[in-house]
Amino acid sequence: MIQYLVMDVDGTLTDGKIYMGNDGEVFKAFSIKDGCGIKDIAIPAGIIPVIITARKSNIVSLRCKELSITEVYQGIRNKFELLSNLISDFSTVAYIGDDILDLQCMVPIKKAGGIIGCPSDAVDKVKNIADFIADHKGGDGAVRDFIEWIIK
């Protein structure tokens with residue numbers, strides 16, 4: 001049974017573009033469908049959402065607060081080390097990501113019997129390991145697709 005939904009941000013919960021101005025990152029676009037899937041489907045089903053992202057952004061903190069995601073880890077390039085410290089049984093994890101940095105978690109989760117998902121525009125190395133490839137791109141409802149598939 002899935003207890004944790006671990007998500008990457010850029011390219012998974014967003015379109016993967018970084019919008020920058022003179023003072024740094026200006027904005028990120030998030031799908032309202034993904035947000036509803038997390039807050040209104042996954043959390044009520046007893047699934048704990050976890051964000052692990054390599055970048056740091058106040059925008060991500062604000063969005064997570066809005067969605068009641070309390071497990072938020074930013075600026076993490078060694079995602080596997082953090083994940084190993086958080087969760088001991090990877091068979092209870094569903095992980096969705098889009099790029100090669102996510103593979104360090106995806107491979108051991110899949111080997112342990114957990115579930116791997118990705119957006120339709122993920123890189124091929126991620127698609128090749130995925131149990132589920134969303135119909136939607138990152139930032140356009142891919143996380144919602146994955147959540148609905150997990151719940152079924």
# chains A, B, ... in the order shown; residues from 1 in each chain; ligands from 1
>>> residues_around(residues="Leu103 in chain A", least_positions_apart="6", cutoff="9 Å", atoms="only C-alpha atoms", output="VMD selection string")
chain A and resid 97 125 to 126 129
>>> closest_atom_pairs(of="range 91-111 of chain A", to="range 31-54 of chain A", cutoff="12 Å", atoms="only C-alpha atoms", output="Markdown table")
| residue | atom | partner | partner_atom | distance |
| --- | --- | --- | --- | --- |
| A:Thr92 | CA | A:Ile47 | CA | 9.7 |
| A:Val93 | CA | A:Ile47 | CA | 9.4 |
| A:Ala94 | CA | A:Ile47 | CA | 9.5 |
| A:Tyr95 | CA | A:Val50 | CA | 9.3 |
| A:Ile96 | CA | A:Ile51 | CA | 10.1 |
| A:Gly97 | CA | A:Thr53 | CA | 9.8 |
| A:Asp98 | CA | A:Thr53 | CA | 11.5 |
| A:Asp99 | CA | A:Ala54 | CA | 11.4 |
| A:Ile100 | CA | A:Ala54 | CA | 11.8 |
| A:Leu101 | CA | A:Ala54 | CA | 8.5 |
| A:Asp102 | CA | A:Thr53 | CA | 9.3 |
| A:Cys105 | CA | A:Ile52 | CA | 10.4 |
>>> closest_residue(among="A:Gly113, A:Gln104, A:Ser57, A:Leu67", to="Asp89 in chain A", atoms="only C-alpha atoms")
A:Gly113
>>> select_by_dssp(residues="chain A", states="strand (DSSP E)", output="PyMOL selection string")
chain A and resi 4-7+19-21+24-27+48-53+71-74+93-96+115-118+132-133
>>> atom_distance(atom1="CA of Ser68 in chain A", atom2="CA of Leu5 in chain A")
13.4 Å
